[in-house]
Structure formats: structure tokens, C-alpha cells
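Report on the following structure.
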Amino acid sequence: MAEKGLRPSWETYFMDIAALVAKRSTCLRRSVGAVIIKDKRILTTGYNGAPSGLQHCLEIGCLREELNVASGERHELCRGIHAEQNAIIQAAFHGVSIRGATLFCTNLPCSICAKMIINAGIEKIYYRSGYADPMSNEMLKAAGIIVIKLDTDKQEVDS
């Protein structure tokens with residue numbers, strides 16, 4: 001908790017919101033939250049779980065666990081939509097432009113999400129934890145997207 005009179009930086013604030021969004025996750029392996037920001041305003045949020053109206057892994061089990069699929073591999077073998085994908089889809093669904101926006105995500109995006117982020121026009125990513133998908137970093141770097149690992153344990157203060 002911040003000392004009295006001190007406020008968290010905008011980066012810490014939005015990452016904390018992403019962590020709260022992750023609590024809605026229905027994935028049995030990893031809870032991930034994403035927030036898309038522009039001009040210090042939240043545009044959309046997303047968490048990982050099955051598509052709307054379908055049973056969640058919490059209810060029917062995890063196909064990836066059953067097949068013993070390693071993290072960062074064979075993304076197509078999953079009922080769930082990643083948090084970043086959900087945030088981008090919500091923007092499209094509600095007609096919100098995310099071109100030039102910043103993504104705050106509890107985990108570094110996978111290569112599939114990286115492709116969507118690139119084509120959606122997102123310019124910067126803040127993340128808290130890594131992810132076992134080296135192709136993601138390569139593509140984001142090649143696309144010129146700024147990627148920053150955020151240490152939210154360090155309290156920064158800004159206005």
C-alpha cells in the first residue's frame with residue numbers, strides 16, 4: 001500500500017487494474033488480465049476464458065492438461081481466448097479504436113496475441129510476468145512495439 005499522500009504511477013495503477021481483471025479468468029492453468037489504455041483512459045479490458053456462452057474449463061476441464069501440452073506451445077489446442085484477444089475483440093465489438101493505444105497485461109503476450117496487437121495498432125505493452133514464447137518478442141521488436149516489463153513492487157509516483 002502506498003504511503004499516505006503518495007499515489008501510484010499511472011503504469012502501476014493500470015497494471016493493478018489488469019491484475020484485478022485477471023481474477024475473472026476461468027483458465028485452470030494461468031489467470032491473465034489485460035487493459036487497453038489511451039490518454040490515461042481505459043478503453044477495454046479482457047481476461048482469459050472460453051468464448052461467451054460456452055462452458056469454461058472450470059466446468060469441463062482443461063484440454064491442454066489432458067493432452068499434456070506445454071505452456072507457450074500449440075495455442076490452438078485450447079477452449080480459451082487470451083486476455084489480450086478478449087480486450088481487442090471487445091474494442092471491435094463496441095466500435096472503439098485502439099490504434100495508438102497501450103496494453104497493460106499481467107503476462108507477456110504470446111505470438112498469436114502479438115500478431116493481433118501489431119495489426120490492431122497498439123504501440124506499447126507493459127507486462128508483469130514473462131511467457132514461454134520467444135517468437136512473440138521477436139515479432140513485437142520487428143514491428144517496433146515498445147515492450148516494458150513493469151516491476152509493480154517499486155512504488156513510483158507521478159501526476
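Identifiers in the C-alpha cells: chain A, B, ... in order shown; residue index from 1 per chain; ligand index from 1 in order shown.
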
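Running DSSP on the backbone gives strand (DSSP E) for these residues within chain A: Gly33, Ala34, Val35, Ile36, Ile37, Lys38, Arg41, Ile42, Leu43, Thr44, Thr45, Gly46, Tyr47, Thr102, Leu103, Phe104, Cys105, Thr106, Asn107, Lys124, Ile125, Tyr126, Tyr127, Arg128, Ser129, Ile146, Val147, Ile148 and Lys149 of chain A.
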
> If we count only C-alpha atoms, what is near Leu150 of chain A at a cut-off of 7 Å, once residues fewer than 2 positions away on the same chain are taken out, given as a list in words?
Replying inline: Tyr126, Tyr127, Arg128, Ile148 and Thr152 of chain A

>> So that I can see what lies close to Ala132 of chain A, please list as a PyMOL selection string the residues with an atom at most 12 Å from it, counting only C-alpha atoms and leaving out residues fewer than 4 positions away in the same chain.
In response: chain A and resi 70-75+107-111+136-137

>> When you count only C-alpha atoms, which of these residues is closest to Lys141 of chain A: A:Ala120, A:Ala114, A:Ala50, A:Ile37?
In response: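 The answer is A:Ala114, which sits nearest to Lys141 of chain A.
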
>> Give me the residues near segment 86-94 of chain A as a list of chain:residue names, where near means some atom within 8 Å (using only C-alpha atoms) and where sequence neighbours in that chain fewer than 4 positions away do not count.
In response: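 Contacts, in chain order: A:Ala34, A:Val35, A:Ile36, A:Leu43, A:Thr44, A:Thr45, A:Gly46, A:Tyr47, A:Asn48, A:Ile81, A:His82, A:Ile98, A:Met116, A:Ile117, A:Ala120.
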
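Between atom CA of Asp39 of chain A and atom CA of Tyr131 of chain A lies a distance of 27.3 Å.
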
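Here atom CA of Glu138 of chain A is placed at a distance of 22.2 Å from atom CA of Gly33 of chain A.
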
> Looking at only C-alpha atoms, which of A:Asn119, A:Thr102, A:Asn68, A:Gln85 is the one that sits closest to Arg41 of chain A?
Replying inline: A:Thr102

>> Need to verify the contact set: Cys62 of chain A, 10 Å, only C-alpha atoms, exclusion of same-chain residues closer than 5 positions in sequence. Can you return it as an NGL selection string?
In response: :A and (27-29 or 56-57 or 67-68 or 77-80)

Using only all heavy atoms, please write the residues we just selected to a file, as a PDB file, in the first residue's frame.
ATOM      1  N   CYS A  27      -9.500 -19.898 -16.656  1.00  0.00           N
ATOM      2  CA  CYS A  27      -8.460 -20.834 -17.075  1.00  0.00           C
ATOM      3  C   CYS A  27      -7.915 -21.554 -15.837  1.00  0.00           C
ATOM      4  O   CYS A  27      -7.697 -20.930 -14.800  1.00  0.00           O
ATOM      5  CB  CYS A  27      -7.335 -20.079 -17.784  1.00  0.00           C
ATOM      6  SG  CYS A  27      -5.969 -21.137 -18.309  1.00  0.00           S
ATOM      7  N   LEU A  28      -7.704 -22.843 -15.979  1.00  0.00           N
ATOM      8  CA  LEU A  28      -7.178 -23.641 -14.866  1.00  0.00           C
ATOM      9  C   LEU A  28      -5.659 -23.538 -14.739  1.00  0.00           C
ATOM     10  O   LEU A  28      -5.106 -23.896 -13.702  1.00  0.00           O
ATOM     11  CB  LEU A  28      -7.577 -25.108 -15.052  1.00  0.00           C
ATOM     12  CG  LEU A  28      -9.080 -25.386 -15.018  1.00  0.00           C
ATOM     13  CD1 LEU A  28      -9.368 -26.828 -15.420  1.00  0.00           C
ATOM     14  CD2 LEU A  28      -9.657 -25.079 -13.646  1.00  0.00           C
ATOM     15  N   ARG A  29      -4.986 -23.060 -15.783  1.00  0.00           N
ATOM     16  CA  ARG A  29      -3.525 -23.032 -15.782  1.00  0.00           C
ATOM     17  C   ARG A  29      -2.933 -21.675 -15.424  1.00  0.00           C
ATOM     18  O   ARG A  29      -1.885 -21.594 -14.798  1.00  0.00           O
ATOM     19  CB  ARG A  29      -2.994 -23.438 -17.159  1.00  0.00           C
ATOM     20  CG  ARG A  29      -3.309 -24.874 -17.499  1.00  0.00           C
ATOM     21  CD  ARG A  29      -2.797 -25.210 -18.862  1.00  0.00           C
ATOM     22  NE  ARG A  29      -1.627 -26.084 -18.725  1.00  0.00           N
ATOM     23  CZ  ARG A  29      -0.884 -26.461 -19.748  1.00  0.00           C
ATOM     24  NH1 ARG A  29      -1.127 -26.017 -20.965  1.00  0.00           N
ATOM     25  NH2 ARG A  29       0.124 -27.272 -19.560  1.00  0.00           N
ATOM     26  N   HIS A  56     -16.872 -23.144 -19.574  1.00  0.00           N
ATOM     27  CA  HIS A  56     -15.492 -22.794 -19.241  1.00  0.00           C
ATOM     28  C   HIS A  56     -14.721 -24.025 -18.777  1.00  0.00           C
ATOM     29  O   HIS A  56     -15.307 -25.019 -18.340  1.00  0.00           O
ATOM     30  CB  HIS A  56     -15.474 -21.732 -18.137  1.00  0.00           C
ATOM     31  CG  HIS A  56     -16.000 -20.415 -18.587  1.00  0.00           C
ATOM     32  ND1 HIS A  56     -15.253 -19.522 -19.313  1.00  0.00           N
ATOM     33  CD2 HIS A  56     -17.216 -19.837 -18.425  1.00  0.00           C
ATOM     34  CE1 HIS A  56     -15.974 -18.454 -19.582  1.00  0.00           C
ATOM     35  NE2 HIS A  56     -17.169 -18.619 -19.058  1.00  0.00           N
ATOM     36  N   CYS A  57     -13.425 -23.931 -18.843  1.00  0.00           N
ATOM     37  CA  CYS A  57     -12.552 -25.017 -18.394  1.00  0.00           C
ATOM     38  C   CYS A  57     -12.789 -25.337 -16.913  1.00  0.00           C
ATOM     39  O   CYS A  57     -12.629 -26.477 -16.492  1.00  0.00           O
ATOM     40  CB  CYS A  57     -11.089 -24.672 -18.639  1.00  0.00           C
ATOM     41  SG  CYS A  57     -10.726 -24.442 -20.406  1.00  0.00           S
ATOM     42  N   LEU A  67      -3.969 -33.303 -22.655  1.00  0.00           N
ATOM     43  CA  LEU A  67      -3.038 -33.661 -23.719  1.00  0.00           C
ATOM     44  C   LEU A  67      -1.574 -33.419 -23.344  1.00  0.00           C
ATOM     45  O   LEU A  67      -0.683 -33.650 -24.140  1.00  0.00           O
ATOM     46  CB  LEU A  67      -3.381 -32.886 -24.999  1.00  0.00           C
ATOM     47  CG  LEU A  67      -4.756 -33.168 -25.597  1.00  0.00           C
ATOM     48  CD1 LEU A  67      -5.014 -32.255 -26.785  1.00  0.00           C
ATOM     49  CD2 LEU A  67      -4.887 -34.635 -25.987  1.00  0.00           C
ATOM     50  N   ASN A  68      -1.352 -32.884 -22.135  1.00  0.00           N
ATOM     51  CA  ASN A  68      -0.008 -32.593 -21.634  1.00  0.00           C
ATOM     52  C   ASN A  68       0.748 -31.620 -22.555  1.00  0.00           C
ATOM     53  O   ASN A  68       1.923 -31.831 -22.875  1.00  0.00           O
ATOM     54  CB  ASN A  68       0.783 -33.894 -21.444  1.00  0.00           C
ATOM     55  CG  ASN A  68       1.846 -33.743 -20.380  1.00  0.00           C
ATOM     56  OD1 ASN A  68       1.780 -32.859 -19.545  1.00  0.00           O
ATOM     57  ND2 ASN A  68       2.835 -34.614 -20.422  1.00  0.00           N
ATOM     58  N   LEU A  77      -4.829 -25.542 -29.311  1.00  0.00           N
ATOM     59  CA  LEU A  77      -5.423 -26.612 -28.507  1.00  0.00           C
ATOM     60  C   LEU A  77      -5.886 -26.074 -27.159  1.00  0.00           C
ATOM     61  O   LEU A  77      -5.376 -26.447 -26.105  1.00  0.00           O
ATOM     62  CB  LEU A  77      -4.411 -27.749 -28.320  1.00  0.00           C
ATOM     63  CG  LEU A  77      -4.017 -28.499 -29.582  1.00  0.00           C
ATOM     64  CD1 LEU A  77      -2.939 -29.529 -29.283  1.00  0.00           C
ATOM     65  CD2 LEU A  77      -5.228 -29.160 -30.226  1.00  0.00           C
ATOM     66  N   CYS A  78      -6.860 -25.192 -27.225  1.00  0.00           N
ATOM     67  CA  CYS A  78      -7.378 -24.560 -26.008  1.00  0.00           C
ATOM     68  C   CYS A  78      -8.761 -24.006 -26.296  1.00  0.00           C
ATOM     69  O   CYS A  78      -8.994 -23.430 -27.358  1.00  0.00           O
ATOM     70  CB  CYS A  78      -6.432 -23.439 -25.575  1.00  0.00           C
ATOM     71  SG  CYS A  78      -6.940 -22.608 -24.058  1.00  0.00           S
ATOM     72  N   ARG A  79      -9.667 -24.164 -25.359  1.00  0.00           N
ATOM     73  CA  ARG A  79     -11.006 -23.585 -25.487  1.00  0.00           C
ATOM     74  C   ARG A  79     -10.978 -22.076 -25.243  1.00  0.00           C
ATOM     75  O   ARG A  79     -11.867 -21.351 -25.670  1.00  0.00           O
ATOM     76  CB  ARG A  79     -11.962 -24.189 -24.453  1.00  0.00           C
ATOM     77  CG  ARG A  79     -12.270 -25.632 -24.640  1.00  0.00           C
ATOM     78  CD  ARG A  79     -13.211 -26.137 -23.559  1.00  0.00           C
ATOM     79  NE  ARG A  79     -14.482 -25.441 -23.491  1.00  0.00           N
ATOM     80  CZ  ARG A  79     -15.491 -25.613 -24.334  1.00  0.00           C
ATOM     81  NH1 ARG A  79     -15.370 -26.444 -25.329  1.00  0.00           N
ATOM     82  NH2 ARG A  79     -16.625 -24.945 -24.173  1.00  0.00           N
ATOM     83  N   GLY A  80      -9.990 -21.624 -24.536  1.00  0.00           N
ATOM     84  CA  GLY A  80      -9.965 -20.247 -24.073  1.00  0.00           C
ATOM     85  C   GLY A  80      -9.462 -19.240 -25.090  1.00  0.00           C
ATOM     86  O   GLY A  80      -8.718 -19.552 -26.006  1.00  0.00           O
TER      87      GLY A  80
END
